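Visitor: Below you'll find the structure I mean.
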Amino acid sequence: MTLPDAPRVLALSARDRLALTEACRRLAERLEREPALDPDDVAATLHLGRERFAARHAVHGRTTAELAAALRAGAPADAPQAAPAVELHLGALTEPLPGAPELPQVTEALALAEQLGASPAGRAVAVQYGLAAWLIARGVVPREIHGEGTGALAADALLGRTALADALRADVDRPGGAGEAALVVDLTDPGTGATERLRVTPEDGAPFSELLAGLLAELWRRGLDVDTTLGRPGRKVRLPGYPFRRTTADEQPAAAARGLRPLTPHEQRWLFHDLVRSSSSAEHNARAVAVRPGPAPEPAAVAAAFTALQQRHPKLRTVFTQQGGRWFARTDAAPTGLTAPVPGRPAEAVAAGPFELRDAPLVRCVLDTGERDGTDWTLALAAYEPVAGREAVEALLTELLTELLTELPDLRDAPHPVAA
């Protein structure tokens, strides 16, 4: 949006409703203390610098005072079980709706319609096309886009079935009625199959900008990772941190019964650091590498040795998981298998890649048999540093790799590997 008085959306998330309520309170206090804060900066900081948790809340307003009041007035809901599936339905119109939003996609489509001498229905196609294109640019990923009349033409252009210019010039088979909506967003619950319809049509003089801000806020609350900056620029500012809380006494027995334990402070710190910075877990990938001449061991023998190593050291079977909006660690019963080598890449490079930090092994072992050049073979062992140990982690992995090599019958007297 380009209008200076357009609403801003502040989107927050947390592991559970209690933490989310506290986050809303802290942010409201900050906005009240510093009313000169630019809402665009606050919205951009929340969108770009925070991890997306399951429990969601979002408010919209034009000033810091309005936003702070909305944060205090709203009651965050419990986390949804799963984000809904989205479908876009574009209605049949006979002419552009009054107060077309000043969005880049709408403006460009209307300019093209003007160049082509499009009819009023063609200009309606331009508005509907631009509205849906703007939503898609904000991160809305519809599983279907369909429509009637002008909406069908706009949908065909969005799906690439026809060129936008052809859609703007085409005749409309079905005239629209007074009750038609420019855009309807259907949200289908994946569990129950129930569908709710959100209409995007100005009523009682409400501007499009207000409707679109409210729509994105609602989509965020439903669990969709949409861009709630509305496409407006903003710089990062200091905001209240995440309200961490310990697992309560009531939660601890239930989590323990599922084989879950709270994250250690060290694990917690780096997990959230790496989740916020995409793929940065590679920075906390510790590894050791051994290069050996001669014939390589059989992959099955290395896999068996790696399994035995993980059985002796349960920490190597640690997995991070999210339950009820909170993060836990668990010890996986099944040891991790060997990671397959990648053609053209050294074993160390494969082992050094970023880890998946949700329900995935945090250790990997890569065997490169040297078949490409027929000389040395390589064994690389890697682990996510917060799991392997905070201090001297590479030395620890070197010891573990030495232990792994001694499991192989022909290598029990081999020299120690070199830590990467």
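Letters A, B, ... go to the chains of the structure tokens in the order shown; residues in each chain start at 1; ligands are counted from 1 in the same order.
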Kindly provide the residues of segment 32-109 of chain A that approach segment 201-225 of chain A to within 9 Å, each paired with its closest atom pair and their distance in Å to one decimal, based on only C-alpha atoms, listed by chain and increasing number, as a Markdown table.
Guide:
```
| residue | atom | partner | partner_atom | distance |
| --- | --- | --- | --- | --- |
| A:Arg52 | CA | A:Asp225 | CA | 7.5 |
| A:Phe53 | CA | A:Gly223 | CA | 8.7 |
| A:Ala54 | CA | A:Gly223 | CA | 6.8 |
| A:Ala55 | CA | A:Gly223 | CA | 7.8 |
| A:Arg56 | CA | A:Arg221 | CA | 4.8 |
| A:His57 | CA | A:Arg221 | CA | 5.1 |
| A:Ala58 | CA | A:Ala217 | CA | 5.1 |
| A:Val59 | CA | A:Ala217 | CA | 6.3 |
| A:His60 | CA | A:Ala213 | CA | 6.5 |
| A:Gly61 | CA | A:Ala213 | CA | 8.6 |
| A:Pro76 | CA | A:Arg221 | CA | 8.7 |
| A:Ala77 | CA | A:Arg221 | CA | 8.4 |
| A:Ala79 | CA | A:Gly223 | CA | 8.0 |
| A:Pro80 | CA | A:Arg222 | CA | 6.7 |
| A:Gln81 | CA | A:Gly223 | CA | 8.9 |
| A:Ala82 | CA | A:Gly223 | CA | 7.0 |
| A:Ala83 | CA | A:Gly223 | CA | 4.7 |
| A:Pro84 | CA | A:Arg222 | CA | 7.1 |
| A:Leu97 | CA | A:Pro202 | CA | 8.2 |
| A:Pro98 | CA | A:Pro202 | CA | 8.3 |
| A:Gly99 | CA | A:Pro207 | CA | 6.8 |
| A:Ala100 | CA | A:Phe208 | CA | 6.9 |
| A:Pro101 | CA | A:Phe208 | CA | 5.6 |
| A:Glu102 | CA | A:Ser209 | CA | 8.4 |
```
Visitor: Would you save the residues of that selection, restricted to C-alpha atoms, as a PDB file, in the first residue's frame?
Guide:
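Just written: part04.pdb:
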```
ATOM      1  CA  ARG A  52       6.793 -18.061  13.415  1.00  0.00           C
ATOM      2  CA  PHE A  53       5.253 -19.955  16.329  1.00  0.00           C
ATOM      3  CA  ALA A  54       1.925 -21.774  16.434  1.00  0.00           C
ATOM      4  CA  ALA A  55      -0.061 -19.387  18.651  1.00  0.00           C
ATOM      5  CA  ARG A  56      -0.832 -16.219  16.666  1.00  0.00           C
ATOM      6  CA  HIS A  57      -2.308 -12.772  17.161  1.00  0.00           C
ATOM      7  CA  ALA A  58      -2.421  -9.708  14.919  1.00  0.00           C
ATOM      8  CA  VAL A  59      -3.904  -6.227  15.167  1.00  0.00           C
ATOM      9  CA  HIS A  60      -4.145  -3.343  12.730  1.00  0.00           C
ATOM     10  CA  GLY A  61      -4.300   0.411  13.138  1.00  0.00           C
ATOM     11  CA  PRO A  76      -5.163 -14.109  21.745  1.00  0.00           C
ATOM     12  CA  ALA A  77      -6.691 -17.472  20.944  1.00  0.00           C
ATOM     13  CA  ALA A  79      -2.941 -22.140  18.576  1.00  0.00           C
ATOM     14  CA  PRO A  80      -4.835 -23.672  15.631  1.00  0.00           C
ATOM     15  CA  GLN A  81      -4.236 -27.354  14.953  1.00  0.00           C
ATOM     16  CA  ALA A  82      -3.121 -26.608  11.379  1.00  0.00           C
ATOM     17  CA  ALA A  83      -3.216 -23.726   8.940  1.00  0.00           C
ATOM     18  CA  PRO A  84      -6.236 -23.770   6.620  1.00  0.00           C
ATOM     19  CA  LEU A  97     -15.667  -1.074  -7.544  1.00  0.00           C
ATOM     20  CA  PRO A  98     -15.400   2.464  -6.152  1.00  0.00           C
ATOM     21  CA  GLY A  99     -12.275   3.234  -4.191  1.00  0.00           C
ATOM     22  CA  ALA A 100      -9.970   0.777  -5.980  1.00  0.00           C
ATOM     23  CA  PRO A 101      -6.951   0.189  -3.718  1.00  0.00           C
ATOM     24  CA  GLU A 102      -3.729   1.968  -4.604  1.00  0.00           C
TER      25      GLU A 102
END
```
Visitor: What's the 9 Å shell around Gln268 of chain A, counting only C-alpha atoms, without same-chain residues fewer than 6 positions away, as a ChimeraX atom specification?
Guide: /A:262,327,386
Visitor: Figure out the distance between atom CA of Val184 of chain A and atom CA of Val200 of chain A, please, to one decimal in Å.
Guide: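 According to the coordinates, atom CA of Val200 of chain A and atom CA of Val184 of chain A are separated by 5.9 Å.
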Visitor: From the options A:Gly122, A:Gly191, A:Pro293, A:Pro142, which residue's atoms come nearest to Asp166 of chain A, counting only C-alpha atoms?
Guide: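 Among the listed residues, the smallest separation from Asp166 of chain A belongs to A:Gly122.
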Visitor: So, counting only C-alpha atoms, which residue among A:Leu116, A:Ala14, A:Leu316, A:Leu67 is closest to Glu29 of chain A?
Guide: A:Leu67
Visitor: Using DSSP assignments from the backbone, pull out every residue in segment 144-367 of chain A that falls under strand (DSSP E or B) and give it to me as a ChimeraX atom specification.
Guide: /A:144-147,183-188,195-200,260-262,285-292,318-323,326-331,339,363-367
Visitor: Would you mind reading off the distance between atom CA of Leu260 of chain A and atom CA of Asp16 of chain A, one decimal, in Å?
Guide: 16.9 Å
Visitor: Write out as a list in words the residues lying within 8 Å of Thr188 of chain A, counting only C-alpha atoms and excluding same-chain residues fewer than 5 positions away.
Guide: Pro84, Ala85, Val86, Gly193, Ala194, Thr195 and Glu196 of chain A
Visitor: Identify, on the basis of only C-alpha atoms, every residue whose closest approach to segment 341-343 of chain A does not exceed 10 Å; exclude the query and any residue fewer than 3 positions from it along the same chain; express the result as a list in words.
Guide: Leu338, Pro346, Ala347, Glu348, Ala349, Val350, Ala351, Cys365, Val366, Leu367, Asp368, Thr369 and Arg372 of chain A
Visitor: Using N, CA and C atoms, can you write the selected residues to a file as a compact mmCIF listing (two decimals), in the first residue's frame?
Guide:
```txt
# COMPACT_ATOMS: atom_id res chain seq x y z
N LEU A 338 23.40 -43.79 7.76
CA LEU A 338 24.42 -43.02 7.06
C LEU A 338 23.77 -42.01 6.12
N PRO A 346 32.76 -33.28 -1.73
CA PRO A 346 33.50 -34.05 -0.72
C PRO A 346 32.58 -34.42 0.45
N ALA A 347 32.93 -35.51 1.12
CA ALA A 347 32.14 -35.97 2.25
C ALA A 347 32.05 -34.90 3.33
N GLU A 348 33.15 -34.17 3.55
CA GLU A 348 33.14 -33.13 4.58
C GLU A 348 32.12 -32.04 4.24
N ALA A 349 32.02 -31.67 2.96
CA ALA A 349 31.07 -30.63 2.56
C ALA A 349 29.64 -31.09 2.77
N VAL A 350 29.36 -32.37 2.51
CA VAL A 350 28.02 -32.90 2.74
C VAL A 350 27.70 -32.88 4.23
N ALA A 351 28.67 -33.31 5.03
CA ALA A 351 28.45 -33.33 6.48
C ALA A 351 28.29 -31.95 7.07
N CYS A 365 26.57 -38.92 9.48
CA CYS A 365 27.84 -39.59 9.18
C CYS A 365 27.86 -39.85 7.67
N VAL A 366 28.94 -39.44 7.02
CA VAL A 366 29.05 -39.54 5.56
C VAL A 366 30.29 -40.36 5.21
N LEU A 367 30.10 -41.38 4.41
CA LEU A 367 31.21 -42.21 3.93
C LEU A 367 31.40 -41.95 2.44
N ASP A 368 32.60 -41.52 2.08
CA ASP A 368 32.97 -41.36 0.67
C ASP A 368 34.02 -42.42 0.37
N THR A 369 33.65 -43.42 -0.43
CA THR A 369 34.54 -44.57 -0.66
C THR A 369 35.70 -44.26 -1.61
N ARG A 372 35.52 -42.20 -7.02
CA ARG A 372 35.68 -41.26 -8.14
C ARG A 372 37.12 -41.20 -8.62
```
Visitor: For Ala133 of chain A, which residue among A:Pro104, A:Pro240, A:Pro190, A:Gly147 is the nearest when counting only C-alpha atoms?
Guide: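 Ranked by minimum distance to Ala133 of chain A, first place goes to A:Pro104.
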Visitor: Rounded to one decimal place, report the atom CA of Thr321 of chain A-atom CA of Ala352 of chain A distance in Å.
Guide: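 Rounded to one decimal, the two atoms are 21.8 Å apart.
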